[in-house]
Amino acid sequence: MGFTDKFSVGGSSIACELDHARNGSDGRDGRDRGVVILCHGRGSSRYDPLMLRLSEAITSTAPPGGSGAGGLDALRFSFTDTRSEPFSGYHREKDELAQVFRHLENDLGRRVVGIVGHSKAATDVAMFAAEKGTDWNGCIVAMSGRFDLTKGVRELIGSDTVQRILDTGVEEMVQLHPAQKPVKLSKAQIEERFSLDMNSILGSVACPLLIVHGDQDKVIPVEEASRYKLAYAQFPPAEVKIVAGADHCFSAKEKADLATQAVAKFVTNHSI
């Protein structure tokens with residue numbers, strides 16, 4: 001990638017880094033290039049290795065018919081709170097994404113051509129796109145996204161604990177990972193997650209969709225990708241890229257390369 005601009009949005013609470021495309025010979029200046037927003041998953045940040053690899057791929061992929069190494073620009077940002085709301089906060093994160101989107105388009109005069117969400121953020125991105133409807137001429141990418149949001153929380157902390165919190169309304173401290181501090185889980189947080197109907201959300205998405213999933217994902221099973229595709233109601237249908245041998249975060253470099261190159265090609269082709 002080329003140089004990076006750093007700034008904040010939303011009263012300095014949302015930290016952003018805009019990675020500029022490599023200097024190519026496609027005849028475009030910076031303001032003419034499209035921007036792709038990258039959204040990280042639970043407990044991560046704009047410095048997540050997958051976000052950095054996505055940015056590198058997107059900023060170095062030449063547009064169709066172009067020459068040189070110039071690509072699109074990529075905006076990485078950090079959600080303000082991914083630790084205390086591991087199973088909720090979807091509406092807040094969607095609103096933070098909307099703030100970043102508006103800053104790019106309204107304040108900086110840039111054109112957002114694509115938005116990529118990994119894991120939990122795949123839901124945030126789908127929610128945002130569903131709200132925009134036909135008002136936005138871009139595309140979205142869901143990487144390792146979960147379709148059935150009633151799962152995950154039950155699998156990680158146990159159905160009995162979830163049901164007890166729902167029945168009593170008393171929040172509890174739950175341990176998500178041995179190396180992490182326990183977090184509070186409340187009835188309101190569970191109900192927010194369980195209220196999200198991905199079938200309805202994806203059915204309202206009007207822009208092109210790419211679904212990327214690893215077939216060795218132990219966090220969110222690869223079968224969720226086919227459910228994503230079935231719920232998407234547009235034509236042509238959603239594109240699907242299953243990366244053989246890849247885990248939830250596409251940790252192995254060769255798997256990450258396959259995934260990020262597929263994303264870069266998709267957003268670049270839809271940026272024209």
# chains A, B, ... in the order shown; residues from 1 in each chain; ligands from 1
call {"tool": "select_by_dssp", "arguments": {"residues": "region 55-111 of chain A", "states": "alpha helix (DSSP H)", "output": "list in words"}}
result
Ser55, Glu56, Ala57, Ile58, Thr59, Ser60, Tyr90, His91, Arg92, Glu93, Lys94, Asp95, Glu96, Leu97, Ala98, Gln99, Val100, Phe101 and Arg102 of chain A
call {"tool": "residues_around", "arguments": {"residues": "Asp124 (chain A)", "least_positions_apart": "2", "cutoff": "12 Å", "atoms": "only C-alpha atoms", "output": "count of residues only"}}
result
42
call {"tool": "residues_around", "arguments": {"residues": "Ala256 (chain A)", "least_positions_apart": "2", "cutoff": "9 Å", "atoms": "only C-alpha atoms", "output": "list of chain:residue names"}}
result
A:Leu50, A:Arg53, A:Leu54, A:Val243, A:Ala246, A:Cys249, A:Phe250, A:Ser251, A:Ala252, A:Lys253, A:Glu254, A:Leu258, A:Ala259, A:Thr260, A:Gln261
call {"tool": "residues_around", "arguments": {"residues": "Pro86 (chain A)", "least_positions_apart": "6", "cutoff": "10 Å", "atoms": "only C-alpha atoms", "output": "tab-separated table (two decimals) with N, CA and C atoms, in the first residue's frame"}}
result
chain	number	residue	atom	x	y	z
A	41	GLY	N	-13.54	-8.05	13.50
A	41	GLY	CA	-14.44	-8.86	14.30
A	41	GLY	C	-14.33	-8.60	15.79
A	42	ARG	N	-15.00	-9.45	16.57
A	42	ARG	CA	-15.08	-9.30	18.03
A	42	ARG	C	-13.70	-9.30	18.67
A	43	GLY	N	-13.49	-8.36	19.58
A	43	GLY	CA	-12.27	-8.33	20.37
A	43	GLY	C	-11.03	-7.94	19.61
A	120	LYS	N	-18.18	-11.18	13.51
A	120	LYS	CA	-19.31	-10.41	14.03
A	120	LYS	C	-19.64	-9.22	13.15
A	153	VAL	N	-23.23	-17.91	21.27
A	153	VAL	CA	-23.26	-17.59	22.69
A	153	VAL	C	-23.61	-18.82	23.51
A	176	LEU	N	-15.00	-16.12	28.54
A	176	LEU	CA	-15.00	-16.48	27.12
A	176	LEU	C	-13.74	-17.22	26.72
A	183	VAL	N	-16.39	-11.18	31.39
A	183	VAL	CA	-17.19	-10.03	30.99
A	183	VAL	C	-18.62	-10.23	31.48
A	184	LYS	N	-19.35	-9.12	31.64
A	184	LYS	CA	-20.73	-9.19	32.06
A	184	LYS	C	-21.62	-9.54	30.87
A	185	LEU	N	-22.57	-10.41	31.11
A	185	LEU	CA	-23.55	-10.75	30.08
A	185	LEU	C	-24.94	-10.53	30.68
A	189	GLN	N	-28.47	-7.84	26.46
A	189	GLN	CA	-27.48	-8.17	25.44
A	189	GLN	C	-27.87	-9.43	24.68
call {"tool": "closest_residue", "arguments": {"among": "A:Ser12, A:Arg83, A:Val112, A:Thr4", "to": "Ser55 (chain A)", "atoms": "only C-alpha atoms"}}
result
A:Thr4
call {"tool": "residues_around", "arguments": {"residues": "Glu17 (chain A)", "least_positions_apart": "5", "cutoff": "8 Å", "atoms": "only C-alpha atoms", "output": "mmCIF file with N, CA, C and O atoms, in the first residue's frame"}}
result
data_model
loop_
_atom_site.group_PDB
_atom_site.id
_atom_site.type_symbol
_atom_site.label_atom_id
_atom_site.label_comp_id
_atom_site.auth_asym_id
_atom_site.auth_seq_id
_atom_site.Cartn_x
_atom_site.Cartn_y
_atom_site.Cartn_z
ATOM 1 N N THR A 4 -0.432 6.385 4.568
ATOM 2 C CA THR A 4 -1.628 6.236 5.384
ATOM 3 C C THR A 4 -1.973 7.537 6.084
ATOM 4 O O THR A 4 -1.102 8.177 6.681
ATOM 5 N N ASP A 5 -3.241 7.942 6.013
ATOM 6 C CA ASP A 5 -3.754 9.087 6.767
ATOM 7 C C ASP A 5 -4.437 8.576 8.026
ATOM 8 O O ASP A 5 -5.209 7.613 7.977
ATOM 9 N N LYS A 6 -4.179 9.240 9.156
ATOM 10 C CA LYS A 6 -4.804 8.871 10.412
ATOM 11 C C LYS A 6 -5.712 10.002 10.876
ATOM 12 O O LYS A 6 -5.328 11.164 10.855
ATOM 13 N N PHE A 7 -6.930 9.656 11.302
ATOM 14 C CA PHE A 7 -7.868 10.651 11.804
ATOM 15 C C PHE A 7 -8.924 9.956 12.645
ATOM 16 O O PHE A 7 -8.963 8.726 12.721
ATOM 17 N N ARG A 46 -8.416 -2.306 14.220
ATOM 18 C CA ARG A 46 -7.996 -1.992 12.850
ATOM 19 C C ARG A 46 -6.617 -2.566 12.520
ATOM 20 O O ARG A 46 -6.206 -2.580 11.357
ATOM 21 N N LEU A 75 -10.009 1.840 4.106
ATOM 22 C CA LEU A 75 -10.170 2.505 5.403
ATOM 23 C C LEU A 75 -10.329 1.452 6.489
ATOM 24 O O LEU A 75 -11.295 0.692 6.492
ATOM 25 N N ARG A 76 -9.366 1.382 7.399
ATOM 26 C CA ARG A 76 -9.460 0.520 8.567
ATOM 27 C C ARG A 76 -9.862 1.372 9.770
ATOM 28 O O ARG A 76 -9.332 2.456 9.954
ATOM 29 N N PHE A 77 -10.800 0.906 10.573
ATOM 30 C CA PHE A 77 -11.147 1.644 11.783
ATOM 31 C C PHE A 77 -11.429 0.669 12.912
ATOM 32 O O PHE A 77 -11.672 -0.524 12.680
#
call {"tool": "residues_around", "arguments": {"residues": "region 221-232 of chain A", "least_positions_apart": "3", "cutoff": "12 Å", "atoms": "only C-alpha atoms", "output": "ChimeraX atom specification"}}
result
/A:119,122-123,126,129-130,140-149,151-152,197-218,235-248
call {"tool": "select_by_dssp", "arguments": {"residues": "region 28-137 of chain A", "states": "strand (DSSP E)", "output": "MDAnalysis selection string"}}
result
chainID A and resid 34:39 73:77 111:118
